[in-house]
Amino acid sequence: MTSQITNLYEAKKNQVFQVASVPNIGLLENLGLRNGTKIVVESRYALGGPVLLRVENAFAVAIGKDIATQIAVREVSGK
């Protein structure tokens, strides 16, 4: 069974996702967001605010909505 791909901004909170594609923005790679990286959405701020996510269970990063909608993720079964 194949997991459906969604964008990071629409990803469910407290679920584990694997990054499927990332826009070519150097800062994202420096933050560890690259294809295959596992992330957990911890919070999504109201009114189009940023998404707070945990990268590889190591550190938290806030990503603005405009960039978060360009990052494709796939839900991972189990943590």
# chains A, B, ... in the order shown; residues from 1 in each chain; ligands from 1
call {"tool": "select_by_dssp", "arguments": {"residues": "segment 27-61 of chain A", "states": "helix (DSSP H, G or I)", "output": "NGL selection string"}}
result
:A and (27-30)
call {"tool": "residues_around", "arguments": {"residues": "segment 39-43 of chain A", "least_positions_apart": "4", "cutoff": "7 Å", "atoms": "only C-alpha atoms", "output": "list in words"}}
result
Lys12, Lys13, Asn14, Gln15, Val16, Phe17, Gln18, Val51, Leu52, Leu53, Arg54, Val55 and Glu56 of chain A
call {"tool": "residues_around", "arguments": {"residues": "Pro23 of chain A", "least_positions_apart": "3", "cutoff": "9 Å", "atoms": "only C-alpha atoms", "output": "list in words"}}
result
Gly26, Leu28, Ile67, Gln70 and Ile71 of chain A
call {"tool": "residues_around", "arguments": {"residues": "Gly49 of chain A", "least_positions_apart": "5", "cutoff": "10 Å", "atoms": "only C-alpha atoms", "output": "list in words"}}
result
Tyr9, Arg44, Ala62, Ile63, Gly64, Lys65 and Asp66 of chain A
call {"tool": "atom_distance", "arguments": {"atom1": "atom CA of Ile25 of chain A", "atom2": "atom CA of Thr6 of chain A"}}
result
19.1 Å
call {"tool": "residues_around", "arguments": {"residues": "Gln4 of chain A", "least_positions_apart": "6", "cutoff": "9 Å", "atoms": "only C-alpha atoms", "output": "PDB file with C-alpha atoms, in the first residue's frame"}}
result
ATOM      1  CA  VAL A  73       5.880  14.624   2.273  1.00  0.00           C
ATOM      2  CA  ARG A  74       4.655  11.043   2.591  1.00  0.00           C
ATOM      3  CA  GLU A  75       3.273   9.592   5.842  1.00  0.00           C
TER       4      GLU A  75
END
call {"tool": "closest_residue", "arguments": {"among": "A:Thr69, A:Ser77, A:Thr37, A:Asn7", "to": "Asn57 of chain A", "atoms": "only C-alpha atoms"}}
result
A:Thr37
call {"tool": "atom_distance", "arguments": {"atom1": "atom CA of Ser3 of chain A", "atom2": "atom CA of Gly48 of chain A"}}
result
25.6 Å
